[in-house]
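Participant: As input, take my_file_39.cif (mmCIF, C-alpha atoms):
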data_input
#
loop_
_atom_site.label_atom_id
_atom_site.label_comp_id
_atom_site.auth_asym_id
_atom_site.auth_seq_id
_atom_site.Cartn_x
_atom_site.Cartn_y
_atom_site.Cartn_z
CA MET W 1 -254.91 157.57 160.28
CA SER W 2 -253.67 156.99 163.84
CA ALA W 3 -255.40 155.55 166.88
CA PRO W 4 -256.79 157.96 169.46
CA ALA W 5 -254.63 158.34 172.55
CA ASP W 6 -257.22 156.54 174.67
CA PHE W 7 -257.96 153.77 172.19
CA CYS W 8 -257.59 151.12 174.87
CA GLN W 9 -259.85 152.64 177.51
CA VAL W 10 -262.32 149.94 178.46
CA ALA W 11 -264.95 152.48 179.47
CA ALA W 12 -265.74 152.90 175.76
CA ALA W 13 -266.58 149.21 175.32
CA PRO W 14 -270.28 148.30 175.29
CA GLY W 15 -271.90 146.08 177.87
CA LEU W 16 -269.24 146.12 180.57
CA PRO W 17 -270.15 144.13 183.70
CA ALA W 18 -271.81 146.29 186.31
CA GLY W 19 -269.68 147.11 189.35
CA ARG W 20 -272.06 145.59 191.90
CA LEU W 21 -269.43 144.04 194.14
CA ASP W 22 -267.87 145.62 197.19
CA PRO W 23 -266.53 148.95 195.90
CA ASP W 24 -263.02 148.10 197.14
CA ARG W 25 -262.77 144.99 194.98
CA CYS W 26 -260.02 145.16 192.36
CA SER W 27 -262.36 144.52 189.41
CA VAL W 28 -264.72 147.30 190.52
CA GLN W 29 -261.87 149.76 190.99
CA ALA W 30 -260.42 148.82 187.58
CA LEU W 31 -263.75 149.70 185.97
CA VAL W 32 -263.91 153.00 187.84
CA ARG W 33 -260.38 153.92 186.75
CA GLY W 34 -260.98 152.74 183.19
CA ASP W 35 -257.98 150.38 183.26
CA SER W 36 -257.12 148.93 179.89
CA CYS W 37 -256.81 145.17 179.52
CA VAL W 38 -255.16 145.44 176.08
CA ALA W 39 -251.82 143.62 175.67
CA THR W 40 -252.17 141.58 178.88
CA ALA W 41 -252.41 138.03 177.48
CA SER W 42 -250.12 135.34 178.89
CA PRO W 43 -246.93 134.17 177.12
CA ALA W 44 -248.12 130.53 177.27
CA GLN W 45 -248.80 128.67 174.03
CA ARG W 46 -249.32 125.13 175.32
CA TRP W 47 -251.61 124.01 178.14
CA LEU W 48 -252.46 120.93 180.16
CA LEU W 49 -256.07 121.02 181.35
CA VAL W 50 -256.81 118.75 184.31
CA GLU W 51 -260.41 118.18 185.34
CA GLN W 52 -260.50 118.54 189.11
CA PRO W 53 -263.79 119.41 190.82
CA GLY W 54 -263.96 120.47 194.42
CA PRO W 55 -262.30 123.43 196.15
CA TRP W 56 -259.06 125.03 194.96
CA GLY W 57 -256.75 126.93 197.29
CA LYS W 58 -254.54 129.82 196.20
CA ASP W 59 -252.18 127.34 194.50
CA ALA W 60 -254.82 125.27 192.75
CA LEU W 61 -252.78 122.18 191.90
CA THR W 62 -251.22 121.72 195.35
CA GLN W 63 -254.29 122.87 197.27
CA SER W 64 -256.96 120.67 195.71
CA ARG W 65 -258.00 117.04 195.64
CA PHE W 66 -255.37 116.30 193.00
CA ASP W 67 -252.88 113.63 194.18
CA GLN W 68 -250.41 115.64 196.26
CA ALA W 69 -247.64 113.09 195.75
CA VAL W 70 -247.92 113.69 192.00
CA ALA W 71 -248.37 117.48 191.98
CA PRO W 72 -244.66 118.43 192.36
CA ARG W 73 -243.62 116.05 189.57
CA LEU W 74 -246.30 117.40 187.26
CA THR W 75 -245.30 120.99 188.06
CA HIS W 76 -241.64 120.22 187.33
CA ARG W 77 -242.37 118.60 183.98
CA ALA W 78 -244.66 121.45 182.95
CA ARG W 79 -241.99 124.02 183.81
CA VAL W 80 -239.31 122.13 181.86
CA GLU W 81 -241.52 121.70 178.78
CA GLY W 82 -243.07 125.18 178.85
CA VAL W 83 -246.62 123.93 179.36
CA ARG W 84 -249.09 125.77 181.59
CA VAL W 85 -251.22 123.59 183.87
CA LEU W 86 -254.80 124.72 184.52
CA LEU W 87 -257.37 122.93 186.64
CA VAL W 88 -260.84 122.87 185.11
CA ARG W 89 -264.28 121.85 186.28
CA ARG W 90 -267.75 121.97 184.82
CA PRO W 91 -269.84 124.98 185.90
CA GLY W 92 -272.05 124.09 188.83
CA ASP W 93 -270.23 120.79 189.42
CA ARG W 94 -267.93 122.06 192.16
CA LEU W 95 -268.40 119.08 194.47
CA ALA W 96 -269.51 116.50 191.92
CA ASP W 97 -267.49 113.51 190.81
CA SER W 98 -265.71 114.17 187.55
CA GLN W 99 -264.97 111.93 184.59
CA ARG W 100 -261.24 112.53 185.29
CA ARG W 101 -260.79 114.14 181.91
CA TRP W 102 -257.67 115.97 180.84
CA ALA W 103 -256.61 117.72 177.67
CA TYR W 104 -253.44 118.76 175.92
CA VAL W 105 -253.83 122.05 174.05
CA ASP W 106 -251.44 123.53 171.50
CA GLY W 107 -251.99 127.14 170.51
CA ARG W 108 -249.01 127.54 168.20
CA PRO W 109 -249.82 128.49 164.59
CA GLY W 110 -249.58 125.35 162.47
CA ALA W 111 -250.00 123.04 165.46
CA LEU W 112 -253.40 124.16 166.80
CA GLY W 113 -255.52 121.59 168.55
CA VAL W 114 -257.27 120.31 171.68
CA TRP W 115 -256.93 116.62 172.53
CA TRP W 116 -259.15 115.18 175.29
CA SER W 117 -258.40 112.00 177.24
CA VAL W 118 -259.51 110.27 180.45
CA ARG W 119 -257.05 109.23 183.19
CA ASP W 120 -257.32 106.39 185.67
CA THR W 121 -254.81 107.98 188.06
CA ASP W 122 -253.28 111.43 188.38
CA ALA W 123 -249.83 109.88 188.07
CA GLU W 124 -250.51 109.03 184.41
CA LEU W 125 -250.23 112.71 183.53
CA VAL W 126 -246.54 112.79 184.44
CA ASP W 127 -245.52 110.27 181.76
CA VAL W 128 -248.15 110.55 179.02
CA PRO W 129 -247.04 112.37 175.81
CA TRP W 130 -247.95 116.05 175.61
CA ASP W 131 -247.86 116.37 171.84
CA GLY W 132 -251.33 115.56 170.51
CA SER W 133 -250.48 111.92 169.87
CA VAL W 134 -253.03 110.69 172.42
CA GLY W 135 -256.64 111.65 172.99
CA THR W 136 -259.60 112.68 170.85
CA ARG W 137 -259.10 115.88 168.91
CA THR W 138 -261.72 118.61 168.77
CA ASP W 139 -261.64 121.72 166.60
CA ASP W 140 -264.46 123.52 168.42
CA PRO W 141 -263.58 126.60 170.52
CA LEU W 142 -263.13 125.86 174.21
CA TYR W 143 -264.06 128.59 176.71
CA LEU W 144 -262.23 128.66 180.05
CA VAL W 145 -263.65 131.14 182.56
CA CYS W 146 -261.43 132.00 185.51
CA ALA W 147 -263.42 131.16 188.65
CA HIS W 148 -260.49 130.79 191.04
CA GLY W 149 -261.85 132.47 194.15
CA GLY W 150 -259.01 131.05 196.25
CA HIS W 151 -256.67 133.30 194.28
CA ASP W 152 -258.90 136.39 193.99
CA ALA W 153 -262.52 136.78 195.05
CA CYS W 154 -263.41 138.80 191.93
CA CYS W 155 -262.70 135.77 189.76
CA ALA W 156 -265.31 133.68 191.57
CA LEU W 157 -267.86 136.45 192.06
CA ARG W 158 -267.81 137.43 188.38
CA GLY W 159 -266.49 134.29 186.72
CA ARG W 160 -268.71 131.56 188.14
CA PRO W 161 -272.03 133.19 187.08
CA LEU W 162 -270.60 133.77 183.59
CA ALA W 163 -269.44 130.16 183.23
CA ARG W 164 -272.90 128.88 184.23
CA THR W 165 -274.74 131.02 181.68
CA MET W 166 -272.48 131.04 178.60
CA PRO W 167 -274.49 129.75 175.61
CA THR W 168 -272.14 126.89 174.76
CA ASP W 169 -271.55 123.30 175.86
CA ASP W 170 -267.80 123.97 175.85
CA ALA W 171 -267.56 126.36 178.83
CA TRP W 172 -265.47 125.38 181.86
CA GLU W 173 -264.45 127.03 185.10
CA CYS W 174 -260.66 127.20 185.36
CA SER W 175 -257.92 128.12 187.79
CA HIS W 176 -255.97 131.40 187.79
CA LEU W 177 -255.53 133.02 184.36
CA GLY W 178 -253.98 136.31 185.50
CA GLY W 179 -255.31 139.85 185.35
CA CYS W 180 -257.77 139.38 188.23
CA ARG W 181 -258.87 143.03 188.07
CA PHE W 182 -260.26 142.34 184.60
CA ALA W 183 -262.73 139.68 185.82
CA SER W 184 -264.64 138.12 184.26
CA ASN W 185 -261.65 136.66 182.41
CA VAL W 186 -262.05 134.13 179.60
CA LEU W 187 -259.44 132.14 177.66
CA VAL W 188 -260.58 130.79 174.29
CA LEU W 189 -258.61 127.76 173.14
CA PRO W 190 -256.87 126.52 171.09
CA HIS W 191 -256.03 129.93 169.58
CA GLY W 192 -255.24 131.35 173.01
CA PHE W 193 -257.29 134.54 172.98
CA TYR W 194 -257.63 136.22 176.38
CA TYR W 195 -260.68 138.35 177.19
CA GLY W 196 -261.42 140.58 180.16
CA GLN W 197 -264.48 142.24 181.70
CA VAL W 198 -266.73 139.97 179.63
CA PRO W 199 -270.32 141.12 180.21
CA ASP W 200 -273.67 139.40 180.63
CA ASP W 201 -273.62 135.76 179.50
CA GLY W 202 -270.75 136.14 177.02
CA ALA W 203 -273.05 135.46 174.06
CA GLU W 204 -271.32 138.01 171.81
CA LEU W 205 -267.94 136.43 172.49
CA VAL W 206 -269.25 132.93 171.73
CA ALA W 207 -270.94 134.12 168.54
CA ALA W 208 -267.78 135.83 167.36
CA HIS W 209 -265.60 132.75 167.80
CA ALA W 210 -268.21 130.47 166.27
CA ALA W 211 -267.78 132.64 163.17
CA GLY W 212 -263.97 132.61 163.36
CA ARG W 213 -263.67 136.19 164.63
CA VAL W 214 -262.41 137.88 167.79
CA ALA W 215 -264.69 139.92 170.07
CA LEU W 216 -262.65 143.12 170.00
CA PRO W 217 -264.33 145.17 172.77
CA TRP W 218 -263.13 142.75 175.46
CA LEU W 219 -259.97 141.35 173.82
CA ARG W 220 -256.87 141.35 176.03
CA GLY W 221 -254.65 139.78 173.39
CA ARG W 222 -253.44 136.50 171.99
CA SER W 223 -251.39 134.25 174.22
CA GLY W 224 -247.79 133.81 173.14
CA VAL W 225 -247.71 137.06 171.16
CA PRO W 226 -245.32 139.71 172.59
CA ALA W 227 -247.17 142.49 174.41
CA PRO W 228 -246.17 145.24 171.91
CA ALA W 229 -247.55 143.09 169.08
CA GLN W 230 -250.77 142.47 171.02
CA ALA W 231 -251.24 146.24 171.33
CA ALA W 232 -250.44 146.76 167.64
CA GLN W 233 -252.89 144.05 166.61
CA HIS W 234 -255.66 145.59 168.72
CA THR W 235 -255.35 149.00 167.09
CA ALA W 236 -254.89 147.62 163.57
CA ARG W 237 -257.92 145.36 163.96
CA ALA W 238 -260.03 148.35 165.02
CA GLU W 239 -258.83 150.66 162.25
CA LEU W 240 -258.77 148.10 159.42
CA SER W 241 -261.82 146.05 160.51
CA LEU W 242 -259.81 142.82 160.41
CA LEU W 243 -261.37 140.58 163.06
CA GLY W 244 -260.50 137.10 161.79
CA VAL W 245 -258.73 134.99 164.41
CA ASP W 246 -255.66 134.67 162.20
CA ASP W 247 -255.63 138.20 160.81
CA LEU W 248 -252.60 140.44 161.36
CA LEU W 249 -250.11 137.85 162.56
CA PRO W 250 -246.85 139.45 163.80
CA ARG W 251 -243.95 139.48 161.36
CA ASP W 252 -241.41 141.53 163.29
CA VAL W 253 -241.07 143.30 166.65
CA ARG W 254 -238.15 145.77 166.74
CA ARG W 255 -237.28 147.49 170.01
CA LEU W 256 -236.31 151.16 169.84
CA THR W 257 -235.55 151.78 173.52
CA PRO W 258 -233.62 149.82 176.19
CA ALA W 259 -235.53 147.10 178.00
CA GLY W 260 -236.88 148.34 181.32
CA ALA W 261 -236.97 152.00 180.31
CA GLU W 262 -239.80 153.99 181.84
CA ILE W 263 -241.12 154.76 178.35
CA GLU W 264 -240.57 151.93 175.88
CA ARG W 265 -241.03 152.04 172.10
CA TRP W 266 -241.12 149.47 169.32
CA VAL W 267 -241.83 149.20 165.62
CA VAL W 268 -244.17 146.24 165.09
CA THR W 269 -244.85 144.82 161.64
CA LEU W 270 -248.00 142.76 161.08
CA ALA W 271 -249.03 140.65 158.09
CA GLY W 272 -251.93 142.43 156.42
CA PRO W 273 -254.12 141.11 153.60
CA ASP W 274 -252.55 143.55 151.12
CA GLY W 275 -249.04 143.74 152.51
CA ASP W 276 -247.32 144.63 155.74
CA VAL W 277 -249.00 146.84 158.34
CA VAL W 278 -246.29 148.78 160.17
CA THR W 279 -247.03 150.33 163.56
CA GLU W 280 -245.22 152.40 166.16
CA VAL W 281 -245.96 151.24 169.69
CA GLU W 282 -245.28 153.06 172.95
CA SER W 283 -245.76 151.79 176.51
CA ARG W 284 -245.50 153.82 179.68
CA PRO W 285 -246.56 153.46 183.32
CA SER W 286 -250.09 154.46 184.22
CA GLN W 287 -250.31 157.85 185.89
CA GLU W 288 -252.11 156.42 188.90
CA SER W 289 -250.86 153.57 191.08
CA ALA W 290 -253.42 151.23 192.61
CA PRO W 291 -253.78 147.71 194.06
CA LEU W 292 -253.95 145.48 191.01
CA THR W 293 -255.51 142.50 192.81
CA CYS W 294 -257.75 142.15 195.84
CA ARG W 295 -254.84 140.57 197.73
CA ALA W 296 -252.30 143.26 196.80
CA VAL W 297 -250.46 144.74 199.79
CA HIS W 298 -248.99 147.69 197.90
CA PRO W 299 -250.25 149.76 194.96
CA ALA W 300 -248.51 149.41 191.60
CA HIS W 301 -248.51 151.06 188.19
CA GLY W 302 -249.96 149.20 185.24
CA ARG W 303 -248.73 149.83 181.69
CA THR W 304 -250.61 151.84 179.10
CA TRP W 305 -250.19 151.21 175.39
CA HIS W 306 -250.37 153.73 172.56
CA VAL W 307 -250.21 152.76 168.89
CA ARG W 308 -249.85 154.67 165.65
CA LEU W 309 -250.21 153.06 162.21
CA LEU W 310 -247.37 154.06 159.90
CA SER W 311 -248.30 152.09 156.78
CA GLY W 312 -250.79 149.57 155.51
CA VAL W 313 -253.83 151.77 156.23
#
Once more with this new file: its structure as structure tokens, please.
Facilitator:
Amino acid sequence: MSAPADFCQVAAAPGLPAGRLDPDRCSVQALVRGDSCVATASPAQRWLLVEQPGPWGKDALTQSRFDQAVAPRLTHRARVEGVRVLLVRRPGDRLADSQRRWAYVDGRPGALGVWWSVRDTDAELVDVPWDGSVGTRTDDPLYLVCAHGGHDACCALRGRPLARTMPTDDAWECSHLGGCRFASNVLVLPHGFYYGQVPDDGAELVAAHAAGRVALPWLRGRSGVPAPAQAAQHTARAELSLLGVDDLLPRDVRRLTPAGAEIERWVVTLAGPDGDVVTEVESRPSQESAPLTCRAVHPAHGRTWHVRLLSGV
């Protein structure tokens, strides 16, 4: 059995957010075109979450109330150590005083965890260990909803209402996640699952993760997993009904075409419950070019993904 050619078309997913914004907004146009959000999760696997209420400019860390003498040092350390910095704030608390919380998050298999701490000064974050050795650990899913209107209006217009209404005490607004045209965007930590075009109050997503499963209709992919493997996982999950958060981990990604080719192909092997699941993955530019964010000056082509299961069905 192979996946249909349009397996990743989001128009087939139930409960998509209604396109009630200005019709020129990137998230509305993405819905109209039926853009796929599959295989668009970030490469990050470790995060530093910094509670910072108040306004965020386009560059959240350097255009916020965070100590601007500290921001360049924190950015440098994060780049060197491969840690992604995200500002977070409680929904509805945009101008409220915070508890100055921060968290180190590790999404790598075997090292999963979220460790929360409180800082006295922003400068502490530059020297404190980022390894889970400090802070209080929690194993509950953490839901970060991109609400970074300074980066793209769609994120605020769709993300902030979602963050306020999600049926969980562990929902936060966060700075830019990427994939603005897929707003509302949600990152579920510590596993690092990215979701796009999350509808309504996100109750189905929360229920799925509370049960240790992914919410496949809106899944963009798992952070840190190569894009071809994200696409392979999505199709294999749908065809084999394997929705556990740790199902179908990648075992091998073998490229068949040169990097940067217009049409790229891979063989991706996933770990199935009864042996390897082998897939053939193809990526090519979308037929139509379009502005991919509200701020885009020029149109661009996204990538479409097409997967065929070769074995393990």
Participant: Would you write out, as a ChimeraX atom specification, every residue that the PyMOL selection byres ((chain W and resi 177) around 9) captures in this file?
Facilitator: /W:42,86,145-146,148,174-176,178-180,185-187,194
Participant: For each of W:Ala153, W:Cys37, W:Ala208, W:Val267, take the minimum atom-to-atom distance to Lys58 in chain W, counting all atoms listed in the file, then give the residue where this is smallest.
Facilitator: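 Once distances to Lys58 in chain W are computed over all atoms listed in the file, the minimum belongs to W:Ala153.
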Participant: Suppose a student applies the PyMOL selection byres ((chain W and resi 135) around 6) to this structure; what residues should they get, written as an NGL selection string?
Facilitator: :W and (115-117 or 134 or 136)
Participant: Give the padded box for range 24-38 of chain W as JSON: axis-aligned, covering all atoms listed in the file, 3 Å on each side, centre and edge lengths in Å to one decimal.
Facilitator:
{"center_x": -259.9, "center_y": 149.2, "center_z": 186.6, "size_x": 15.6, "size_y": 15.4, "size_z": 27.1}
Participant: When the PyMOL selection byres ((chain W and resi 213) around 7) is applied to the file above, which residues end up in the set, as a list in words?
Facilitator: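 Here the PyMOL selection byres ((chain W and resi 213) around 7) matches Ala208, His209, Ala211, Gly212, Val214, Ala215, Leu243, Gly244 and Val245 of chain W.
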Participant: Between W:Leu219, W:Ala210, W:Gly272, W:Trp47, single out the one closest to Leu240 in chain W, counting all atoms listed in the file.
Facilitator: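 Nearest candidate to Leu240 in chain W out of W:Leu219, W:Ala210, W:Gly272, W:Trp47: W:Gly272.
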Participant: Neighbours of Pro109 in chain W within 12 Å (all atoms listed in the file; same-chain residues fewer than 5 positions away dropped), as a list in words?
Facilitator: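 After dropping sequence-adjacent residues, the list is Gln45, Arg46, Pro190, His191, Gly192, Arg222, Ser223, Gly224, Val225, Val245, Asp246, Asp247, Leu249 and Pro250 of chain W.
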Participant: Between W:Arg284, W:Trp172, W:Val70, W:Ala261, which has the minimum distance to Asp127 in chain W (counting only C-alpha atoms)?
Facilitator: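 The shortest atom-to-atom distance to Asp127 in chain W comes from W:Val70.
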Participant: Given the choices W:Ala69, W:Ala183, W:Leu61, W:Ala111, which gets closest to Gln197 in chain W if the distance is worked out from all atoms listed in the file?
Facilitator: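 Under the stated criterion, the closest residue is W:Ala183.
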Participant: What lies within 12 Å of Asp120 in chain W using all atoms listed in the file, ignoring chain neighbours under 5 positions off, as a VMD selection string?
Facilitator: chain W and resid 98 to 102 125
Participant: Distance CA of Val28 in chain W-CA of Cys155 in chain W, one decimal place?
Facilitator: 11.7 Å
Participant: To one decimal place, how far is CA of Ser289 in chain W from CA of Pro217 in chain W in Å?
Facilitator: 24.2 Å
Participant: Which one of W:Arg237, W:Arg137, W:Arg108, W:Arg25 sits closest to Pro43 in chain W if you count only C-alpha atoms?
Facilitator: W:Arg108
Participant: Between CA of Leu310 in chain W and CA of Asp276 in chain W, what is the spacing in Å?
Facilitator: 10.3 Å
Participant: For Arg303 in chain W, which residue out of W:Trp266, W:Leu144, W:Glu288, W:Leu31 is the nearest one, using all atoms listed in the file?
Facilitator: W:Glu288
Participant: List as a PyMOL selection string the protein and nucleic acid residues near Val277 in chain W, meaning an atom at most 9 Å away when all atoms listed in the file are counted, but skip any in the same chain fewer than 2 places from it.
Facilitator: chain W and resi 236+248+268-272+274-275+279+309-313
Participant: Contacts of range 80-83 of chain W at 12 Å or less, counting all atoms listed in the file, minus same-chain residues fewer than 2 places along, as an MDAnalysis selection string?
Facilitator: chainID W and resid 42:49 73:78 85:86 103:108 126 129:131 224
